[in-house]
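Asks: Dropping the structure in here first, questions after.
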Amino acid sequence: MNDVLSVILGGGRGSRLFPLTLQRSKPAVPIAGKYRLIDIPISNCLNSGLRRMFVLTQFNSESLNKHVSLTYKFDLFSNAFVSILAAEQTEDDPHWYQGTADAVRQSLRHLETHRWKEALILSGDQLYQMDYRKLMESHRRQVADVTVAVTPVTADQAHAFGILKVNKQGRIVHFDEKPPRERLDGLVSEVPGIGPTFLASMGIYMFGRDLLVRTVSDPKLVDFGRHIIPKLVPEARVHAYVYRGYWEDVGTIQSYYDANLALCQPVPPFDFYDTARPVYSNPRFLPATKIEGSTVENALVAEGSVIVQAEIRHALVGIRARLGRGVRVTDSLILGADYYETAEEVQRAAGSGLPPIGIGDDTVVRRAIIDKNARIGRGVRILNEAGVQEKDGPGYFIREGIVIVPKGAAIQNGTVV
């Protein structure tokens, strides 16, 4: 894998994940209580023997840049690196990234200072475990110019993805971006071991160096999915690599919520406990979680939390979370906090009319996402009993019926949402 350079795209606005992306980029959004989404592709690379990675960032990138720089360090006697390439204006190009391919085009001058034969293009906001060595082996065995990682989807799911049709040799012969149902009949592919199915692009590509440089150099082709791949299908050897494992694009509030809660299952679809393929993140050296007189069922509770006489059912509790007496949390994500408040900070916040960071006594939370550093007062009821699908309220948002309290927001005592 020494001939492969990894490029992780992390600069999108992430509007479908708003308000979780109000103060951070998509790849910086927390996942599984203690990780960030960017940790998934980086860990996949490390577990696949890929040690040279660029992370391309642009929108709300400070927390992402900080996390990557603090987490991924290598010794002086290795050529390994995880390097941040923030969008930059230059004399040649004064514009910010216009799309995924444009981001790579603007970063070529940095990539070309390294030796590489292939580039692996990855998304920074997906949940999956893949051995990229198998993708590379398929790419080289097929003598492909481009290999696109694909995953089987149902007809009901197909409209949300770019659907690729392959022939018996695995070569892609047609591409249709988010096709309506009436076009699906002509997009069925026969996959060995699976049968007839629809193959969705995962947004993971392996390119030969010369073709990548030549293709992205055209400034009119700004996006891989919408422009580059459809253009190359009739012109080059574009092959599919069928990935048969769990994969979730957590690009919407509903998919993010579902993917996190799925980790609370007895046998979760994504295995964070696989010692052969660990997921790396920033080691925070937090104390163990303290739980007093509480009920916890089908839940994940990250380290450093304090839970006192609370009831937690089918929920995820992140690092440094504080849950007061009588708190009831069901079907919810409590993302925790970035720091512990001191007694002086709690008093200062109270003087400004703000509750402490965490969830106050006797509060009930159901089907909600409470982002980091949120301040939920005592006796609050976050239930959305009216079933509202979308609303912007004081200190909260409702998207797809899920109540989201954004990072650092405050909900006063006794509030009903």
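Here's how to read the names in the structure tokens: chain A, B, ... by the order shown, residue numbers from 1 in each chain, ligand numbers from 1 in the order shown.
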Do you know which residues are at most 9 Å from A:Arg171 counting only C-alpha atoms, after dropping those on the same chain fewer than 6 positions away, and could you put them as an MDAnalysis selection string?

Replies: chainID A and resid 142 144 165 233 237:240

Asks: Could you give me, as a tab-separated table, every stretch 178-266 of chain A residue with an atom at most 12 Å from stretch 397-408 of chain A, plus its closest atom pair and distance in Å to one decimal, counting only C-alpha atoms, rows ordered by chain then number?

Replies:
residue	atom	partner	partner_atom	distance
A:Thr252	CA	A:Glu400	CA	9.3
A:Ile253	CA	A:Arg399	CA	6.9
A:Gln254	CA	A:Glu400	CA	6.6
A:Ser255	CA	A:Glu400	CA	10.3
A:Tyr256	CA	A:Ile402	CA	11.0
A:Tyr257	CA	A:Ile402	CA	8.6
A:Asp258	CA	A:Ile402	CA	10.9

Asks: Measuring between only C-alpha atoms, which one of A:Asp361, A:Glu341, A:Asp145, A:Asp218 shows the shortest distance to A:Asn413?

Replies: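 Closest residue, counting only C-alpha atoms: A:Asp361.
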
Asks: Can you list, as a PyMOL selection string, all residues belonging to stretch 148-301 of chain A that DSSP tags as alpha helix (DSSP H)?

Replies: chain A and resi 155-158+209-216+229-232+253-262

Asks: Could you give me the residues within stretch 34-220 of chain A that DSSP places in strand (DSSP E or B), as a ChimeraX atom specification?

Replies: /A:35-36,52-57,81-86,118-123,126-128,146-153,162-166,171-177,189-191,195-208

Asks: Write out as a JSON list (two decimals) with C-alpha atoms, in the first residue's frame which residues come within 12 Å of A:Thr151 when counting only C-alpha atoms, dropping same-chain ones fewer than 5 positions away.

Replies:
[["chain", "number", "residue", "atom", "x", "y", "z"],
["A", 128, "TYR", "CA", -18.44, 1.32, 7.85],
["A", 130, "MET", "CA", -13.58, -1.76, 4.97],
["A", 157, "GLN", "CA", -33.41, 3.23, -1.22],
["A", 158, "ALA", "CA", -32.14, 3.66, -4.79],
["A", 161, "PHE", "CA", -27.97, 7.35, -4.40],
["A", 162, "GLY", "CA", -26.03, 7.27, -7.61],
["A", 163, "ILE", "CA", -26.92, 3.87, -9.11],
["A", 164, "LEU", "CA", -24.36, 2.01, -11.22],
["A", 165, "LYS", "CA", -25.10, -0.83, -13.64],
["A", 189, "SER", "CA", -27.16, -5.58, -11.91],
["A", 191, "VAL", "CA", -24.09, -9.76, -8.58],
["A", 194, "ILE", "CA", -26.47, -11.81, -4.25],
["A", 197, "THR", "CA", -29.92, -5.93, -7.20],
["A", 198, "PHE", "CA", -29.26, -2.20, -7.41],
["A", 199, "LEU", "CA", -25.69, -1.05, -6.77],
["A", 200, "ALA", "CA", -25.24, 2.33, -5.12],
["A", 201, "SER", "CA", -22.02, 4.31, -5.23],
["A", 202, "MET", "CA", -20.47, 4.68, -1.78],
["A", 203, "GLY", "CA", -18.52, 7.78, -2.76],
["A", 204, "ILE", "CA", -15.27, 5.79, -2.50],
["A", 240, "ALA", "CA", -17.13, -1.70, -9.44],
["A", 241, "TYR", "CA", -15.93, -3.18, -6.17],
["A", 242, "VAL", "CA", -18.95, -4.68, -4.39],
["A", 243, "TYR", "CA", -18.76, -4.14, -0.64],
["A", 244, "ARG", "CA", -20.97, -6.58, 1.28],
["A", 245, "GLY", "CA", -20.62, -5.29, 4.82],
["A", 246, "TYR", "CA", -22.49, -2.71, 6.88],
["A", 247, "TRP", "CA", -22.38, 0.81, 5.48],
["A", 248, "GLU", "CA", -24.36, 3.85, 6.50],
["A", 249, "ASP", "CA", -24.21, 7.32, 5.02]]

Asks: Between atom CA of A:Asp102 and atom CA of A:Val222, what distance in Å does the model show, to one decimal?

Replies: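 Interatomic distance here is 4.6 Å.
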
Asks: From the set A:Ile359, A:Val150, A:Ala350, A:Ala262, which residue has the shortest atom-to-atom contact distance to A:Val308, counting only C-alpha atoms?

Replies: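 Going through A:Ile359, A:Val150, A:Ala350, A:Ala262 one by one, the smallest distance to A:Val308 is for A:Ile359.
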
Asks: Smallest atom-to-atom distance to A:Cys264: which of A:Leu135, A:Val55, A:Leu20, A:Leu333, using only C-alpha atoms?

Replies: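 Looking at the shortest contact to A:Cys264, the residue is A:Leu333.
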
Asks: If you measure from atom CA of A:Ser15 to atom CA of A:Val317, what distance in Å do you get, rounded to one decimal?

Replies: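 These two atoms are separated by 24.4 Å.
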
Asks: Could you tell me which of A:Thr295, A:Thr275, A:Thr100, A:Ser305 comes closest to A:Gly225 if we count only C-alpha atoms?

Replies: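 Of A:Thr295, A:Thr275, A:Thr100, A:Ser305, the one nearest A:Gly225 is A:Thr100, counting only C-alpha atoms.
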
Asks: Which residue, A:Leu56, A:Leu108, A:Leu50, A:Leu70, has the smallest gap to A:Ser25 when you use only C-alpha atoms?

Replies: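 Checking each of A:Leu56, A:Leu108, A:Leu50, A:Leu70 against A:Ser25, counting only C-alpha atoms, the winner is A:Leu56.
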
Asks: If we count only C-alpha atoms and set the cut-off at 7 Å, which residues sit around stretch 81-83 of chain A, ignoring sequence neighbours fewer than 5 positions away in its own chain? Please answer as a ChimeraX atom specification.

Replies: /A:51-55,72,74

Asks: For the selection just defined, write its residues with C-alpha atoms to a file, as a CSV table (one decimal), in the first residue's frame.

Replies:
chain,number,residue,atom,x,y,z
A,51,ARG,CA,-0.3,5.6,6.3
A,52,ARG,CA,-0.3,8.7,4.1
A,53,MET,CA,-3.5,10.6,4.3
A,54,PHE,CA,-4.7,14.1,3.4
A,55,VAL,CA,-7.9,15.5,4.9
A,72,TYR,CA,-3.0,11.3,14.7
A,74,PHE,CA,3.5,9.2,14.0

Asks: A:Tyr205: which residues within 6 Å, counting only C-alpha atoms, same-chain residues fewer than 5 positions away excluded, as a list in words?

Replies: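 These residues fall inside the cut-off: Leu120, Ile121, Thr147 and Val148 of chain A.
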
Asks: Atoms to include: C-alpha atoms. Write the selected residues as a tab-separated table (two decimals), in the first residue's frame.

Replies:
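The resulting file, result.tsv, is reproduced below:
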chain	number	residue	atom	x	y	z
A	120	LEU	CA	-7.99	6.50	-2.77
A	121	ILE	CA	-10.74	9.13	-2.51
A	147	THR	CA	-12.68	1.56	-9.26
A	148	VAL	CA	-15.89	2.65	-7.53

Asks: Check the smallest atom-to-atom distance from each of A:Glu390, A:Asp75, A:Glu311, A:Asp338 to A:Ala374 using only C-alpha atoms, then report the winner.

Replies: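 Distance minimum relative to A:Ala374 lands on A:Asp338.
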